[in-house]
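Here is the file model03.pdb (PDB, C-alpha atoms, pLDDT in the B column).
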```pdb
ATOM      1  CA  MET A   1     132.022 102.317  83.781  1.00 73.00           C
ATOM      2  CA  LEU A   2     130.703 101.196  80.385  1.00 74.00           C
ATOM      3  CA  ALA A   3     133.696 102.802  78.626  1.00 69.00           C
ATOM      4  CA  LYS A   4     136.087 100.981  80.953  1.00 73.00           C
ATOM      5  CA  LEU A   5     134.411  97.635  80.277  1.00 74.00           C
ATOM      6  CA  MET A   6     134.472  98.306  76.534  1.00 70.00           C
ATOM      7  CA  GLY A   7     138.179  99.113  76.814  1.00 68.00           C
ATOM      8  CA  TYR A   8     138.866  95.737  78.419  1.00 65.00           C
ATOM      9  CA  LEU A   9     136.751  93.981  75.782  1.00 66.00           C
ATOM     10  CA  LEU A  10     138.530  95.730  72.917  1.00 66.00           C
ATOM     11  CA  LEU A  11     141.897  94.956  74.435  1.00 65.00           C
ATOM     12  CA  ALA A  12     140.976  91.265  74.663  1.00 63.00           C
ATOM     13  CA  ILE A  13     139.715  91.198  71.061  1.00 63.00           C
ATOM     14  CA  VAL A  14     142.814  92.934  69.702  1.00 62.00           C
ATOM     15  CA  ARG A  15     145.118  90.611  71.595  1.00 61.00           C
ATOM     16  CA  VAL A  16     143.265  87.529  70.347  1.00 60.00           C
ATOM     17  CA  LEU A  17     143.347  88.756  66.743  1.00 59.00           C
ATOM     18  CA  THR A  18     146.880  90.149  66.686  1.00 57.00           C
ATOM     19  CA  GLY A  19     148.771  89.200  69.816  1.00 59.00           C
ATOM     20  CA  ALA A  20     149.436  92.961  70.217  1.00 62.00           C
ATOM     21  CA  GLN A  21     153.079  92.321  71.027  1.00 74.00           C
ATOM     22  CA  ALA A  22     155.017  95.354  72.241  1.00 81.00           C
ATOM     23  CA  ARG A  23     158.779  95.343  71.719  1.00 87.00           C
ATOM     24  CA  TRP A  24     160.616  98.101  73.575  1.00 93.00           C
ATOM     25  CA  TYR A  25     163.847  98.097  71.615  1.00 89.00           C
ATOM     26  CA  GLY A  26     165.247 101.576  72.094  1.00 85.00           C
ATOM     27  CA  CYS A  27     163.515 102.831  75.235  1.00 91.00           C
ATOM     28  CA  PRO A  28     161.556 101.400  78.166  1.00 93.00           C
ATOM     29  CA  PRO A  29     157.862 102.100  78.706  1.00 93.00           C
ATOM     30  CA  LYS A  30     157.902 105.154  80.936  1.00 92.00           C
ATOM     31  CA  ALA A  31     155.269 107.558  82.230  1.00 91.00           C
ATOM     32  CA  GLU A  32     156.764 110.685  80.681  1.00 95.00           C
ATOM     33  CA  GLN A  33     155.225 112.977  78.102  1.00 97.00           C
ATOM     34  CA  ARG A  34     155.863 111.529  74.660  1.00 97.00           C
ATOM     35  CA  ILE A  35     154.894 111.767  71.026  1.00 97.00           C
ATOM     36  CA  TYR A  36     154.809 108.248  69.596  1.00 97.00           C
ATOM     37  CA  PHE A  37     155.060 108.478  65.802  1.00 96.00           C
ATOM     38  CA  ALA A  38     154.508 105.438  63.603  1.00 92.00           C
ATOM     39  CA  ASN A  39     153.882 104.118  60.096  1.00 91.00           C
ATOM     40  CA  HIS A  40     150.272 104.122  58.932  1.00 84.00           C
ATOM     41  CA  GLN A  41     148.653 101.394  56.808  1.00 76.00           C
ATOM     42  CA  SER A  42     145.256 100.762  58.403  1.00 74.00           C
ATOM     43  CA  HIS A  43     142.554 102.423  60.480  1.00 69.00           C
ATOM     44  CA  ALA A  44     143.364  99.665  62.965  1.00 73.00           C
ATOM     45  CA  ASP A  45     146.796 101.254  63.579  1.00 80.00           C
ATOM     46  CA  LEU A  46     145.243 103.485  66.208  1.00 79.00           C
ATOM     47  CA  VAL A  47     143.788 100.514  68.074  1.00 81.00           C
ATOM     48  CA  MET A  48     146.918  98.383  67.684  1.00 81.00           C
ATOM     49  CA  ILE A  49     149.380 100.854  69.139  1.00 84.00           C
ATOM     50  CA  TRP A  50     146.936 101.746  71.949  1.00 85.00           C
ATOM     51  CA  ALA A  51     146.627  98.055  72.845  1.00 83.00           C
ATOM     52  CA  ALA A  52     150.398  97.571  72.771  1.00 86.00           C
ATOM     53  CA  LEU A  53     150.986 100.187  75.468  1.00 89.00           C
ATOM     54  CA  PRO A  54     151.006  99.121  79.136  1.00 89.00           C
ATOM     55  CA  GLN A  55     147.888 100.063  81.074  1.00 87.00           C
ATOM     56  CA  GLU A  56     149.602 102.897  82.953  1.00 90.00           C
ATOM     57  CA  LEU A  57     150.602 104.511  79.654  1.00 92.00           C
ATOM     58  CA  ARG A  58     147.262 104.000  77.900  1.00 88.00           C
ATOM     59  CA  GLY A  59     145.610 106.264  80.442  1.00 87.00           C
ATOM     60  CA  ILE A  60     147.891 109.208  79.632  1.00 93.00           C
ATOM     61  CA  THR A  61     148.308 108.662  75.875  1.00 94.00           C
ATOM     62  CA  ARG A  62     145.814 109.946  73.316  1.00 93.00           C
ATOM     63  CA  PRO A  63     145.769 108.638  69.739  1.00 92.00           C
ATOM     64  CA  ILE A  64     145.189 111.052  66.867  1.00 90.00           C
ATOM     65  CA  ALA A  65     142.058 110.067  64.908  1.00 87.00           C
ATOM     66  CA  ALA A  66     140.747 111.245  61.537  1.00 84.00           C
ATOM     67  CA  LYS A  67     137.526 113.077  62.370  1.00 86.00           C
ATOM     68  CA  ASP A  68     135.733 112.226  59.101  1.00 84.00           C
ATOM     69  CA  TYR A  69     136.229 108.463  59.621  1.00 83.00           C
ATOM     70  CA  TRP A  70     135.981 108.059  63.379  1.00 84.00           C
ATOM     71  CA  THR A  71     132.865 110.225  63.817  1.00 88.00           C
ATOM     72  CA  LYS A  72     130.954 108.736  60.869  1.00 89.00           C
ATOM     73  CA  THR A  73     128.720 106.673  63.189  1.00 90.00           C
ATOM     74  CA  PRO A  74     127.629 107.270  66.800  1.00 90.00           C
ATOM     75  CA  PHE A  75     129.455 104.099  67.901  1.00 87.00           C
ATOM     76  CA  ARG A  76     132.765 105.122  66.341  1.00 86.00           C
ATOM     77  CA  ARG A  77     132.454 108.566  67.902  1.00 90.00           C
ATOM     78  CA  TRP A  78     131.658 107.095  71.313  1.00 89.00           C
ATOM     79  CA  ILE A  79     134.474 104.558  71.265  1.00 86.00           C
ATOM     80  CA  THR A  80     137.119 107.065  70.182  1.00 86.00           C
ATOM     81  CA  THR A  81     135.894 109.621  72.700  1.00 88.00           C
ATOM     82  CA  ALA A  82     135.020 107.474  75.727  1.00 86.00           C
ATOM     83  CA  VAL A  83     137.462 104.571  75.349  1.00 85.00           C
ATOM     84  CA  PHE A  84     140.497 105.940  73.491  1.00 86.00           C
ATOM     85  CA  ASN A  85     140.156 109.601  74.546  1.00 89.00           C
ATOM     86  CA  ALA A  86     141.282 110.362  71.001  1.00 90.00           C
ATOM     87  CA  VAL A  87     142.236 113.734  69.586  1.00 93.00           C
ATOM     88  CA  TYR A  88     140.252 114.400  66.400  1.00 91.00           C
ATOM     89  CA  VAL A  89     141.949 116.025  63.430  1.00 88.00           C
ATOM     90  CA  ASP A  90     140.187 117.320  60.351  1.00 83.00           C
ATOM     91  CA  ARG A  91     141.863 116.010  57.193  1.00 72.00           C
ATOM     92  CA  GLU A  92     140.095 118.647  55.098  1.00 72.00           C
ATOM     93  CA  ARG A  93     141.818 121.831  56.147  1.00 68.00           C
ATOM     94  CA  LYS A  94     139.493 124.808  56.432  1.00 70.00           C
ATOM     95  CA  GLU A  95     140.747 128.293  55.644  1.00 69.00           C
ATOM     96  CA  GLY A  96     142.037 130.066  58.718  1.00 68.00           C
ATOM     97  CA  GLU A  97     142.134 126.929  60.885  1.00 77.00           C
ATOM     98  CA  ASP A  98     145.323 125.408  62.268  1.00 85.00           C
ATOM     99  CA  PRO A  99     145.079 121.625  61.779  1.00 84.00           C
ATOM    100  CA  LEU A 100     147.569 121.122  64.608  1.00 91.00           C
ATOM    101  CA  ALA A 101     145.509 123.078  67.158  1.00 92.00           C
ATOM    102  CA  PRO A 102     143.885 119.969  68.767  1.00 93.00           C
ATOM    103  CA  LEU A 103     147.317 118.285  69.074  1.00 95.00           C
ATOM    104  CA  VAL A 104     148.858 121.408  70.577  1.00 95.00           C
ATOM    105  CA  LYS A 105     146.025 121.611  73.107  1.00 95.00           C
ATOM    106  CA  ALA A 106     146.537 117.959  74.122  1.00 96.00           C
ATOM    107  CA  LEU A 107     150.277 118.437  74.566  1.00 97.00           C
ATOM    108  CA  GLU A 108     149.797 121.675  76.478  1.00 97.00           C
ATOM    109  CA  SER A 109     147.551 119.790  78.909  1.00 96.00           C
ATOM    110  CA  GLY A 110     150.363 117.289  79.571  1.00 96.00           C
ATOM    111  CA  ASP A 111     149.049 114.341  77.549  1.00 96.00           C
ATOM    112  CA  SER A 112     151.172 112.073  75.368  1.00 97.00           C
ATOM    113  CA  ILE A 113     149.921 111.494  71.823  1.00 96.00           C
ATOM    114  CA  ILE A 114     150.132 108.844  69.087  1.00 94.00           C
ATOM    115  CA  LEU A 115     150.785 110.453  65.708  1.00 94.00           C
ATOM    116  CA  PHE A 116     150.905 109.086  62.161  1.00 92.00           C
ATOM    117  CA  PRO A 117     153.074 111.628  60.305  1.00 93.00           C
ATOM    118  CA  GLU A 118     152.193 110.264  56.841  1.00 87.00           C
ATOM    119  CA  GLY A 119     148.755 111.786  57.349  1.00 72.00           C
ATOM    120  CA  THR A 120     146.945 109.164  55.272  1.00 68.00           C
ATOM    121  CA  ARG A 121     147.271 105.408  54.999  1.00 59.00           C
ATOM    122  CA  GLY A 122     149.769 103.974  52.533  1.00 57.00           C
ATOM    123  CA  ASN A 123     149.882 100.645  50.712  1.00 58.00           C
ATOM    124  CA  ALA A 124     153.611 100.400  50.028  1.00 54.00           C
ATOM    125  CA  GLU A 125     156.254  98.760  52.207  1.00 67.00           C
ATOM    126  CA  GLU A 126     157.961 102.114  52.740  1.00 73.00           C
ATOM    127  CA  PRO A 127     156.060 104.859  54.571  1.00 79.00           C
ATOM    128  CA  GLN A 128     155.055 107.898  52.559  1.00 85.00           C
ATOM    129  CA  PRO A 129     157.047 111.110  53.161  1.00 89.00           C
ATOM    130  CA  PHE A 130     156.274 112.541  56.573  1.00 93.00           C
ATOM    131  CA  LYS A 131     154.231 115.737  56.658  1.00 92.00           C
ATOM    132  CA  SER A 132     155.347 118.823  58.513  1.00 92.00           C
ATOM    133  CA  GLY A 133     153.231 118.394  61.671  1.00 93.00           C
ATOM    134  CA  LEU A 134     155.805 116.346  63.575  1.00 96.00           C
ATOM    135  CA  HIS A 135     158.470 118.992  62.948  1.00 96.00           C
ATOM    136  CA  ALA A 136     156.173 121.795  64.104  1.00 96.00           C
ATOM    137  CA  LEU A 137     155.324 119.947  67.314  1.00 97.00           C
ATOM    138  CA  ALA A 138     158.993 119.123  67.969  1.00 97.00           C
ATOM    139  CA  GLN A 139     159.784 122.819  67.664  1.00 96.00           C
ATOM    140  CA  LYS A 140     156.945 123.930  69.920  1.00 96.00           C
ATOM    141  CA  PHE A 141     157.431 121.228  72.567  1.00 97.00           C
ATOM    142  CA  PRO A 142     161.177 120.504  72.813  1.00 96.00           C
ATOM    143  CA  GLN A 143     160.697 118.876  76.235  1.00 96.00           C
ATOM    144  CA  VAL A 144     158.403 116.147  74.859  1.00 97.00           C
ATOM    145  CA  VAL A 145     160.181 112.863  74.045  1.00 97.00           C
ATOM    146  CA  LEU A 146     159.817 111.731  70.415  1.00 98.00           C
ATOM    147  CA  VAL A 147     159.551 107.936  70.180  1.00 97.00           C
ATOM    148  CA  PRO A 148     159.469 106.187  66.762  1.00 97.00           C
ATOM    149  CA  ALA A 149     157.398 103.013  66.364  1.00 94.00           C
ATOM    150  CA  TRP A 150     156.957 100.407  63.644  1.00 92.00           C
ATOM    151  CA  ILE A 151     153.593  98.633  63.419  1.00 87.00           C
ATOM    152  CA  ASP A 152     154.036  95.270  61.688  1.00 79.00           C
ATOM    153  CA  ASN A 153     151.403  93.229  59.839  1.00 58.00           C
ATOM    154  CA  ILE A 154     148.348  95.217  60.901  1.00 50.00           C
ATOM    155  CA  GLN A 155     147.409  95.971  57.270  1.00 49.00           C
ATOM    156  CA  ARG A 156     146.919  92.210  56.773  1.00 46.00           C
ATOM    157  CA  VAL A 157     144.496  92.056  59.717  1.00 45.00           C
ATOM    158  CA  MET A 158     142.268  94.791  58.302  1.00 49.00           C
ATOM    159  CA  PRO A 159     143.131  95.424  54.625  1.00 51.00           C
ATOM    160  CA  LYS A 160     141.901  98.646  53.067  1.00 54.00           C
ATOM    161  CA  GLY A 161     138.254  98.256  52.072  1.00 52.00           C
ATOM    162  CA  GLU A 162     137.632  95.173  54.225  1.00 48.00           C
ATOM    163  CA  VAL A 163     135.308  95.057  57.241  1.00 48.00           C
ATOM    164  CA  VAL A 164     136.052  91.610  58.688  1.00 42.00           C
ATOM    165  CA  PRO A 165     139.405  91.290  60.487  1.00 48.00           C
ATOM    166  CA  VAL A 166     141.658  88.271  59.931  1.00 44.00           C
ATOM    167  CA  PRO A 167     143.744  86.862  62.833  1.00 43.00           C
ATOM    168  CA  ILE A 168     147.415  87.639  62.104  1.00 51.00           C
ATOM    169  CA  LEU A 169     150.276  87.971  64.598  1.00 59.00           C
ATOM    170  CA  CYS A 170     151.241  91.637  64.837  1.00 71.00           C
ATOM    171  CA  SER A 171     153.719  93.678  66.817  1.00 78.00           C
ATOM    172  CA  VAL A 172     154.691  97.235  67.643  1.00 86.00           C
ATOM    173  CA  THR A 173     158.398  97.960  68.008  1.00 91.00           C
ATOM    174  CA  PHE A 174     159.292 101.139  69.887  1.00 95.00           C
ATOM    175  CA  GLY A 175     162.691 102.620  69.090  1.00 96.00           C
ATOM    176  CA  ALA A 176     165.201 104.988  70.617  1.00 96.00           C
ATOM    177  CA  PRO A 177     163.933 108.559  70.983  1.00 97.00           C
ATOM    178  CA  ILE A 178     165.072 111.208  68.535  1.00 97.00           C
ATOM    179  CA  ALA A 179     165.249 114.975  68.997  1.00 96.00           C
ATOM    180  CA  LEU A 180     165.194 117.998  66.732  1.00 95.00           C
ATOM    181  CA  ALA A 181     168.758 119.242  66.421  1.00 93.00           C
ATOM    182  CA  GLU A 182     169.499 122.933  66.740  1.00 91.00           C
ATOM    183  CA  GLY A 183     169.211 124.545  63.328  1.00 89.00           C
ATOM    184  CA  GLU A 184     168.056 121.322  61.650  1.00 94.00           C
ATOM    185  CA  GLU A 185     165.946 121.994  58.588  1.00 95.00           C
ATOM    186  CA  ARG A 186     162.403 120.675  58.444  1.00 95.00           C
ATOM    187  CA  ARG A 187     162.827 118.203  55.570  1.00 96.00           C
ATOM    188  CA  ALA A 188     166.061 116.834  56.998  1.00 96.00           C
ATOM    189  CA  PHE A 189     164.380 116.226  60.353  1.00 97.00           C
ATOM    190  CA  LEU A 190     161.306 114.610  58.809  1.00 96.00           C
ATOM    191  CA  ASP A 191     163.438 112.313  56.642  1.00 96.00           C
ATOM    192  CA  ARG A 192     165.475 111.334  59.711  1.00 97.00           C
ATOM    193  CA  ALA A 193     162.288 110.649  61.679  1.00 97.00           C
ATOM    194  CA  GLN A 194     160.967 108.497  58.837  1.00 95.00           C
ATOM    195  CA  GLN A 195     164.197 106.498  58.719  1.00 95.00           C
ATOM    196  CA  ALA A 196     164.028 105.999  62.509  1.00 96.00           C
ATOM    197  CA  VAL A 197     160.628 104.331  61.981  1.00 94.00           C
ATOM    198  CA  VAL A 198     161.717 102.240  58.973  1.00 93.00           C
ATOM    199  CA  ALA A 199     164.867 101.054  60.799  1.00 93.00           C
ATOM    200  CA  LEU A 200     162.653  99.284  63.346  1.00 93.00           C
ATOM    201  CA  ARG A 201     161.089  97.066  60.680  1.00 87.00           C
ATOM    202  CA  ASP A 202     163.946  94.570  60.741  1.00 82.00           C
ATOM    203  CA  VAL A 203     164.781  94.750  64.443  1.00 80.00           C
TER     204      VAL A 203
END
```

Is it possible to give me this structure as structure tokens?
Amino acid sequence: MLAKLMGYLLLAIVRVLTGAQARWYGCPPKAEQRIYFANHQSHADLVMIWAALPQELRGITRPIAAKDYWTKTPFRRWITTAVFNAVYVDRERKEGEDPLAPLVKALESGDSIILFPEGTRGNAEEPQPFKSGLHALAQKFPQVVLVPAWIDNIQRVMPKGEVVPVPILCSVTFGAPIALAEGEERRAFLDRAQQAVVALRDV
């Protein structure tokens, strides 16, 4: 009950600060299993894209969260676990561990996920080159719909190193799904996925 109330409170705060506008440009919001992949410029990206989804999709969509940051305090751990139902990933790969294992487990259970293929936050206008995780998941789960998204302005709400958010109108634009073509090489697919995200910036 407390987690549900906190979810409503967070949603209200995010919408006041950012507007949390969702623009479904290339596909409608639909309760099907998806991987939403987006640009990454702020820790608030996770919250922004979660808030932009309709309620019926928020309940079946799990954002990917950096374990070292989002478990640093008991409150962060609670909010990402109880409110966002996040999937934690360890950014410091340990020998013998598959960093994609938590994502694979979430997809195998039927959940949708929100992924930031750059891996770490960038400061430039253009996203950093996408890492290989999106390609691996597309290979393993060909039935899951891959939806690109562009998050606009969120880095100005919570700049890197700042702790006090600034009200700025933000939006998330969801584009047309892409799919891994038969025989498509990894780098070619990742570059195409990156361009699908960037193309939404000016829509």

With distances taken over all atoms listed in the file, the candidate from A:Leu5, A:Ala193, A:Val47, A:Ala199 nearest A:Gly133 is A:Ala193

Interatomic distance between atom CA of A:Ala106 and atom CA of A:Phe84? 13.5 Å

Identify, on the basis of all atoms listed in the file, every residue whose closest approach to A:Gln143 does not exceed 12 Å; exclude the query and any residue fewer than 4 positions from it along the same chain; express the result as a PyMOL selection string. chain A and resi 32-35+107-108+110+112+137-139+178-180

Residue subset to file, keeping C-alpha atoms, as a tab-separated table (two decimals), keeping the file's coordinate frame:
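In the end it all went to part-v5.tsv:
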```tsv
chain	number	residue	atom	x	y	z
A	32	GLU	CA	156.76	110.68	80.68
A	33	GLN	CA	155.22	112.98	78.10
A	34	ARG	CA	155.86	111.53	74.66
A	35	ILE	CA	154.89	111.77	71.03
A	107	LEU	CA	150.28	118.44	74.57
A	108	GLU	CA	149.80	121.68	76.48
A	110	GLY	CA	150.36	117.29	79.57
A	112	SER	CA	151.17	112.07	75.37
A	137	LEU	CA	155.32	119.95	67.31
A	138	ALA	CA	158.99	119.12	67.97
A	139	GLN	CA	159.78	122.82	67.66
A	178	ILE	CA	165.07	111.21	68.54
A	179	ALA	CA	165.25	114.98	69.00
A	180	LEU	CA	165.19	118.00	66.73
```

By how many Å are atom CA of A:Gln21 and atom CA of A:Lys67 apart?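 One can read the atom CA of A:Gln21 to atom CA of A:Lys67 distance as 27.3 Å.
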
A:Val89, A:Ile113, A:Cys27, A:Ile151: which is nearest A:Ile60, counting all atoms listed in the file?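 Of the candidates, the smallest distance to A:Ile60 is held by A:Ile113.
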
Picked residues, the PyMOL selection byres ((chain A and resi 50) around 12), expected as JSON, numbers by chain: {"A": [7, 8, 10, 11, 14, 15, 20, 21, 22, 36, 38, 44, 45, 46, 47, 48, 49, 51, 52, 53, 54, 55, 56, 57, 58, 59, 60, 61, 62, 63, 64, 65, 80, 83, 84, 85, 86, 112, 113, 114, 115, 149, 151, 171, 172]}

Quick one, how far is atom CA of A:Pro102 from atom CA of A:Asp90?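 That distance, rounded to one decimal, is 9.6 Å.
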
Would you list the contacts of A:Lys131 as a VMD selection string, taking every protein, DNA or RNA residue within 7 Å and counting only C-alpha atoms, but skipping same-chain residues closer than 3 positions in sequence? chain A and resid 117 to 119

Please provide the set of residues having any atom within 9 Å of A:Asp68, restricted to all atoms listed in the file, with same-chain residues fewer than 2 positions apart removed, written as a PDB file with C-alpha atoms, keeping the file's coordinate frame.
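Done, and the output landed in selection04.pdb:
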```
ATOM      1  CA  ALA A  65     142.058 110.067  64.908  1.00 87.00           C
ATOM      2  CA  ALA A  66     140.747 111.245  61.537  1.00 84.00           C
ATOM      3  CA  TRP A  70     135.981 108.059  63.379  1.00 84.00           C
ATOM      4  CA  THR A  71     132.865 110.225  63.817  1.00 88.00           C
ATOM      5  CA  LYS A  72     130.954 108.736  60.869  1.00 89.00           C
ATOM      6  CA  TYR A  88     140.252 114.400  66.400  1.00 91.00           C
ATOM      7  CA  VAL A  89     141.949 116.025  63.430  1.00 88.00           C
ATOM      8  CA  ASP A  90     140.187 117.320  60.351  1.00 83.00           C
ATOM      9  CA  ARG A  91     141.863 116.010  57.193  1.00 72.00           C
ATOM     10  CA  GLU A  92     140.095 118.647  55.098  1.00 72.00           C
TER      11      GLU A  92
END
```
